[in-house]
Structures are given as structure tokens and as C-alpha cells.
Amino acid sequence: MDKQQKLLFHIFVCFSFLLLLSENTRVYGSSHHHHHHHHRHRPLFNFRPSKLFVFGDSYADTGNNRNSLANSWKVPYGITFPGKPAGRFSDGRVLTDFIAKSLGIKSPIPYRWRNVGIEHWKNGMNFAYGGTGVFPTLAPDPNMTTQIDFFQDIIHKKIYSRSDLCSSMALVSVAGNDYSTYATTNGSPQGWQPFIIKVVNQLVMNMKRIHGMGVNKVVVTALQPLGCLPRSTFTSSFQQCNGTENDLVGFHNLLLQQAVTKLNNETKDSTFAILDLYKAFMDAFKSQGKNPGSSKFGNPLKPCCTGISTDYGCGSVDANGAKKYVVCDDPESTFFWDTVHPTQEGWRAVYSALLQEQ
């Protein structure tokens, strides 16, 4: 990093502390009131929308990706739930499922299956596609602008009334595919700062657009610690996170928080909120096991399902169909499923951390 970026990140560290004190941004999973009473169904949010509309990427996708392209439709994905590959990038449930449950509704139907019958639309709809970002990425799937266009088309069908939309919530997941695309396409180190600003600006425009369509509450994920994903930690044998990557993540999250605070000042009510996945992941890594002092996840940075070499990934097979991956004995004891995505148990720990910090 050059001197300017180092200074920028130093300023960011100071600023982020001040911003946590700002009261116009509701950051779920970021306050410091520890509750020691755990109600299983204590809601994550202080409102109960009747519908959930979901936009974003593989942290939220529950089946939109095409079978032929995505790992989410390959064995061993889905082995914990529903027992076979079903379009989720995990061994089981993902963030969308846990958020829907906290709202007391079923996980909304993926947009891809919208024609199975309008009665399945009652919980909302999931427009998220794994691999996508706010801008075009290496995945040949609809980016967030196009996902919101799909939502607009659905609204024009008049299945959802104005009051349906008004009593609904949007979940917007941005897990960093724009940044991995930038890195893969040889983006320059000095270009990171302007690119992050560009991504956050587009994300904020998307959130405003969703709200402008009549959705009353828009919740966006803060970026998780990208430097702790197994794809980054494998160089240290899954022992330590990449600090440089996490600094870039911190800058994204700082800009996002400033933007959401500004949006809420403009709308005069707390329409927009942040789900602090950064803190929730870090807290989940430290989850306690059943025995006092034991860790739930052993080494939380080590994934359950990996390719037998760097040429392969979870779910890879060779030309003869021979499997080229290994799966751990117990996905429930690992935080990460593959090199990017949490296990169902990992997501449960993230959700618990979000609840606990309420």
C-alpha cells in the first residue's frame, strides 16, 4: 500500500469508532449490549415485515443459478439440507434462510421458479444470483441492476399491492464479487480506493431505487472479512487472515456506513440499516463449544470441503466423473464449507452473533 492509502486507513480506523456512536444508522450486530438471555425466536429486527425481497450474490442465493454452471447444484452441496444439491452455496441453509426465519416467514421463492404458481409468491421473492456483484463480474448472471429490473417487472404484474410492498423488507447482500473481479482482471493497487468508492456509490443507488419502488425497509450487509476467507488464508495453512484485504474491507464498510447514515437523515426515519457481517463473522470464529473453554469450530478458517489440489474445488470431478475433492467428517464442526462460503452451522453462528449484539 502507498503512503496515501496507509494514511487513509489510519484515518478510517479513527473515524469508524466515531461513526459507531452515530445514532442514525441502525447497525444490526454492532452494538455492545450483551444479552445473556437467549430466546430462540427473538427477532433480529424491531419490525415484522410480511414479505422479504432479496438481491445479491451467493451468500443469499437459494437456487437462481443455472444447474450446468454453478457448484451449488453439484454434490456434495446441500448434503446437510435438504440432503441433495438444491442451488445453495453451502452444505445447507444460507443467510437468506436465517433472516426469513427471524421474520417468521418462509424463505422466499427464487425468481427462477416464479412460474410454479403465484401462491408461492406470498413470502416475497429472491433475485440473488451467486457470483454476481453491483457491476458485471466474471459470472455470466444478472448483476444487481438487472436483478432490480426483474423486481420492477414483477411489480408491474400487480401481484403485490402497494401495502404488500410497504410492509416488506429488502435484504441486499454484497459479499465482494466486484472486488475479486477487480483483482482477477489485474486492477492496479492504486485503483482500489476509487474502485471501492464506485462500488459503494452504486450500491447506495441500488438501495435507494429499491426503496423508491415502495419497499419500506432496506437492509444491506456490511462486507465480511474477505481476508479471512479460506481462499486467502490457505497460504498460511488457514492460520491467519490477510490484513491488507481486511483493510480494504474496512474502507468499504466505513463508506457504506457514512452513506447509510446520510440516507437515513434524508428519509427522516431509519429506512436503511446495515447487517454487520464483518463483526458477526469475527465473533462467530470465536464461538464457544459445548464444553467450557472449547471452541465450536476448531480452526474456524479451515474449510470442510476442498479440492484435492489447487486445480480443483469443492464438487470438482474429472472427465471420467471421478471426484477430485474431499469433505470433512462433520460439517457442523466447521465454519466454512468451501473456500468462500460458510456452512449452515457457520451461518447459524453468524446469525447468533447478530442477535447477541442487539
# chains A, B, ... in the order shown; residues from 1 in each chain; ligands from 1
call {"tool": "select_by_dssp", "arguments": {"residues": "region 37-154 of chain A", "states": "alpha helix (DSSP H)", "output": "PyMOL selection string"}}
result
chain A and resi 95-103+144-154
call {"tool": "closest_atom_pairs", "arguments": {"of": "region 156-234 of chain A", "to": "region 53-73 of chain A", "cutoff": "6 Å", "atoms": "only C-alpha atoms", "output": "tab-separated table"}}
result
residue	atom	partner	partner_atom	distance
A:Ala170	CA	A:Phe53	CA	4.6
A:Leu171	CA	A:Val54	CA	4.8
A:Val172	CA	A:Phe55	CA	4.9
A:Ser173	CA	A:Gly56	CA	4.6
A:Val174	CA	A:Gly56	CA	5.8
call {"tool": "write_last_selection", "arguments": {"atoms": "C-alpha atoms", "output": "CSV table (one decimal), in the first residue's frame"}}
result
chain,number,residue,atom,x,y,z
A,170,ALA,CA,-35.4,-6.0,1.2
A,171,LEU,CA,-32.2,-7.9,2.0
A,172,VAL,CA,-29.2,-6.7,-0.1
A,173,SER,CA,-26.1,-9.0,0.0
A,174,VAL,CA,-22.8,-7.8,-1.3
call {"tool": "residues_around", "arguments": {"residues": "region 182-184 of chain A", "least_positions_apart": "2", "cutoff": "12 Å", "atoms": "only C-alpha atoms", "output": "list in words"}}
result
Gly133, Phe135, Pro136, Thr137, Leu138, Gly176, Asn177, Asp178, Tyr179, Ser180, Asn186, Gly187, Ser188, Pro189, Gln190, Gly191, Trp192, Gln193, Pro194, Phe195, Ile196, Val199 and Glu245 of chain A
call {"tool": "closest_residue", "arguments": {"among": "A:Leu52, A:Ala319, A:Ile154, A:Met169", "to": "Pro108 (chain A)", "atoms": "only C-alpha atoms"}}
result
A:Leu52
call {"tool": "closest_residue", "arguments": {"among": "A:Asp97, A:Asp329, A:Glu345, A:Asp318", "to": "Ser287 (chain A)", "atoms": "only C-alpha atoms"}}
result
A:Glu345
call {"tool": "closest_residue", "arguments": {"among": "A:Ile79, A:Val340, A:Ile274, A:Val327", "to": "Gly130 (chain A)", "atoms": "only C-alpha atoms"}}
result
A:Val340
call {"tool": "atom_distance", "arguments": {"atom1": "CA of Val219 (chain A)", "atom2": "CA of Lys302 (chain A)"}}
result
29.3 Å
call {"tool": "residues_around", "arguments": {"residues": "Phe47 (chain A)", "least_positions_apart": "5", "cutoff": "10 Å", "atoms": "only C-alpha atoms", "output": "list in words"}}
result
Leu103, Ser167, Ser168, Met169 and Lys217 of chain A
call {"tool": "residues_around", "arguments": {"residues": "Lys74 (chain A)", "least_positions_apart": "5", "cutoff": "9 Å", "atoms": "only C-alpha atoms", "output": "list in words"}}
result
Asn67, Ser68, Lys84, Pro85, Ala86, Gly87, Cys314, Gly315 and Ser316 of chain A
call {"tool": "decode", "arguments": {"residues": "region 251-277 of chain A", "atoms": "N, CA and C atoms", "output": "PDB file, in the first residue's frame"}}
result
ATOM      1  N   PHE A 251     -12.483  -0.114   4.636  1.00  0.00           N
ATOM      2  CA  PHE A 251     -12.755   1.133   3.912  1.00  0.00           C
ATOM      3  C   PHE A 251     -14.140   1.069   3.266  1.00  0.00           C
ATOM      4  N   HIS A 252     -14.455  -0.059   2.628  1.00  0.00           N
ATOM      5  CA  HIS A 252     -15.789  -0.259   2.036  1.00  0.00           C
ATOM      6  C   HIS A 252     -16.871  -0.077   3.112  1.00  0.00           C
ATOM      7  N   ASN A 253     -16.664  -0.721   4.248  1.00  0.00           N
ATOM      8  CA  ASN A 253     -17.692  -0.676   5.307  1.00  0.00           C
ATOM      9  C   ASN A 253     -17.840   0.721   5.907  1.00  0.00           C
ATOM     10  N   LEU A 254     -16.739   1.436   6.002  1.00  0.00           N
ATOM     11  CA  LEU A 254     -16.804   2.812   6.508  1.00  0.00           C
ATOM     12  C   LEU A 254     -17.621   3.684   5.562  1.00  0.00           C
ATOM     13  N   LEU A 255     -17.319   3.599   4.268  1.00  0.00           N
ATOM     14  CA  LEU A 255     -18.059   4.394   3.278  1.00  0.00           C
ATOM     15  C   LEU A 255     -19.535   4.028   3.289  1.00  0.00           C
ATOM     16  N   LEU A 256     -19.814   2.734   3.401  1.00  0.00           N
ATOM     17  CA  LEU A 256     -21.203   2.275   3.418  1.00  0.00           C
ATOM     18  C   LEU A 256     -21.934   2.849   4.627  1.00  0.00           C
ATOM     19  N   GLN A 257     -21.272   2.823   5.771  1.00  0.00           N
ATOM     20  CA  GLN A 257     -21.919   3.331   6.978  1.00  0.00           C
ATOM     21  C   GLN A 257     -22.194   4.833   6.881  1.00  0.00           C
ATOM     22  N   GLN A 258     -21.237   5.570   6.334  1.00  0.00           N
ATOM     23  CA  GLN A 258     -21.450   7.010   6.148  1.00  0.00           C
ATOM     24  C   GLN A 258     -22.629   7.252   5.214  1.00  0.00           C
ATOM     25  N   ALA A 259     -22.700   6.470   4.133  1.00  0.00           N
ATOM     26  CA  ALA A 259     -23.759   6.652   3.135  1.00  0.00           C
ATOM     27  C   ALA A 259     -25.130   6.319   3.717  1.00  0.00           C
ATOM     28  N   VAL A 260     -25.197   5.251   4.507  1.00  0.00           N
ATOM     29  CA  VAL A 260     -26.484   4.846   5.094  1.00  0.00           C
ATOM     30  C   VAL A 260     -26.951   5.875   6.134  1.00  0.00           C
ATOM     31  N   THR A 261     -26.010   6.419   6.896  1.00  0.00           N
ATOM     32  CA  THR A 261     -26.352   7.479   7.846  1.00  0.00           C
ATOM     33  C   THR A 261     -26.963   8.668   7.105  1.00  0.00           C
ATOM     34  N   LYS A 262     -26.331   9.032   5.994  1.00  0.00           N
ATOM     35  CA  LYS A 262     -26.812  10.171   5.180  1.00  0.00           C
ATOM     36  C   LYS A 262     -28.207   9.865   4.610  1.00  0.00           C
ATOM     37  N   LEU A 263     -28.392   8.643   4.099  1.00  0.00           N
ATOM     38  CA  LEU A 263     -29.698   8.244   3.554  1.00  0.00           C
ATOM     39  C   LEU A 263     -30.786   8.359   4.608  1.00  0.00           C
ATOM     40  N   ASN A 264     -30.487   7.883   5.811  1.00  0.00           N
ATOM     41  CA  ASN A 264     -31.489   7.930   6.882  1.00  0.00           C
ATOM     42  C   ASN A 264     -31.791   9.361   7.308  1.00  0.00           C
ATOM     43  N   ASN A 265     -30.807  10.239   7.234  1.00  0.00           N
ATOM     44  CA  ASN A 265     -31.068  11.653   7.519  1.00  0.00           C
ATOM     45  C   ASN A 265     -31.998  12.244   6.464  1.00  0.00           C
ATOM     46  N   GLU A 266     -31.833  11.794   5.228  1.00  0.00           N
ATOM     47  CA  GLU A 266     -32.667  12.317   4.130  1.00  0.00           C
ATOM     48  C   GLU A 266     -34.085  11.780   4.191  1.00  0.00           C
ATOM     49  N   THR A 267     -34.253  10.511   4.613  1.00  0.00           N
ATOM     50  CA  THR A 267     -35.602   9.925   4.623  1.00  0.00           C
ATOM     51  C   THR A 267     -36.334  10.188   5.935  1.00  0.00           C
ATOM     52  N   LYS A 268     -35.632  10.699   6.908  1.00  0.00           N
ATOM     53  CA  LYS A 268     -36.204  11.105   8.200  1.00  0.00           C
ATOM     54  C   LYS A 268     -36.731   9.942   9.049  1.00  0.00           C
ATOM     55  N   ASP A 269     -36.526   8.731   8.601  1.00  0.00           N
ATOM     56  CA  ASP A 269     -36.783   7.598   9.503  1.00  0.00           C
ATOM     57  C   ASP A 269     -35.734   6.549   9.185  1.00  0.00           C
ATOM     58  N   SER A 270     -35.588   5.576  10.043  1.00  0.00           N
ATOM     59  CA  SER A 270     -34.499   4.599   9.824  1.00  0.00           C
ATOM     60  C   SER A 270     -34.925   3.551   8.810  1.00  0.00           C
ATOM     61  N   THR A 271     -35.050   3.997   7.566  1.00  0.00           N
ATOM     62  CA  THR A 271     -35.460   3.115   6.477  1.00  0.00           C
ATOM     63  C   THR A 271     -34.362   2.121   6.136  1.00  0.00           C
ATOM     64  N   PHE A 272     -33.113   2.577   6.231  1.00  0.00           N
ATOM     65  CA  PHE A 272     -31.973   1.784   5.793  1.00  0.00           C
ATOM     66  C   PHE A 272     -31.182   1.298   7.001  1.00  0.00           C
ATOM     67  N   ALA A 273     -30.704   0.062   6.927  1.00  0.00           N
ATOM     68  CA  ALA A 273     -29.929  -0.495   8.045  1.00  0.00           C
ATOM     69  C   ALA A 273     -28.837  -1.405   7.499  1.00  0.00           C
ATOM     70  N   ILE A 274     -27.830  -1.616   8.340  1.00  0.00           N
ATOM     71  CA  ILE A 274     -26.695  -2.461   7.957  1.00  0.00           C
ATOM     72  C   ILE A 274     -26.661  -3.706   8.837  1.00  0.00           C
ATOM     73  N   LEU A 275     -26.464  -4.860   8.206  1.00  0.00           N
ATOM     74  CA  LEU A 275     -26.203  -6.103   8.952  1.00  0.00           C
ATOM     75  C   LEU A 275     -24.684  -6.246   9.014  1.00  0.00           C
ATOM     76  N   ASP A 276     -24.114  -6.141  10.179  1.00  0.00           N
ATOM     77  CA  ASP A 276     -22.662  -6.106  10.294  1.00  0.00           C
ATOM     78  C   ASP A 276     -22.053  -7.506  10.232  1.00  0.00           C
ATOM     79  N   LEU A 277     -21.887  -7.994   8.994  1.00  0.00           N
ATOM     80  CA  LEU A 277     -21.318  -9.340   8.815  1.00  0.00           C
ATOM     81  C   LEU A 277     -19.847  -9.377   9.203  1.00  0.00           C
TER      82      LEU A 277
END
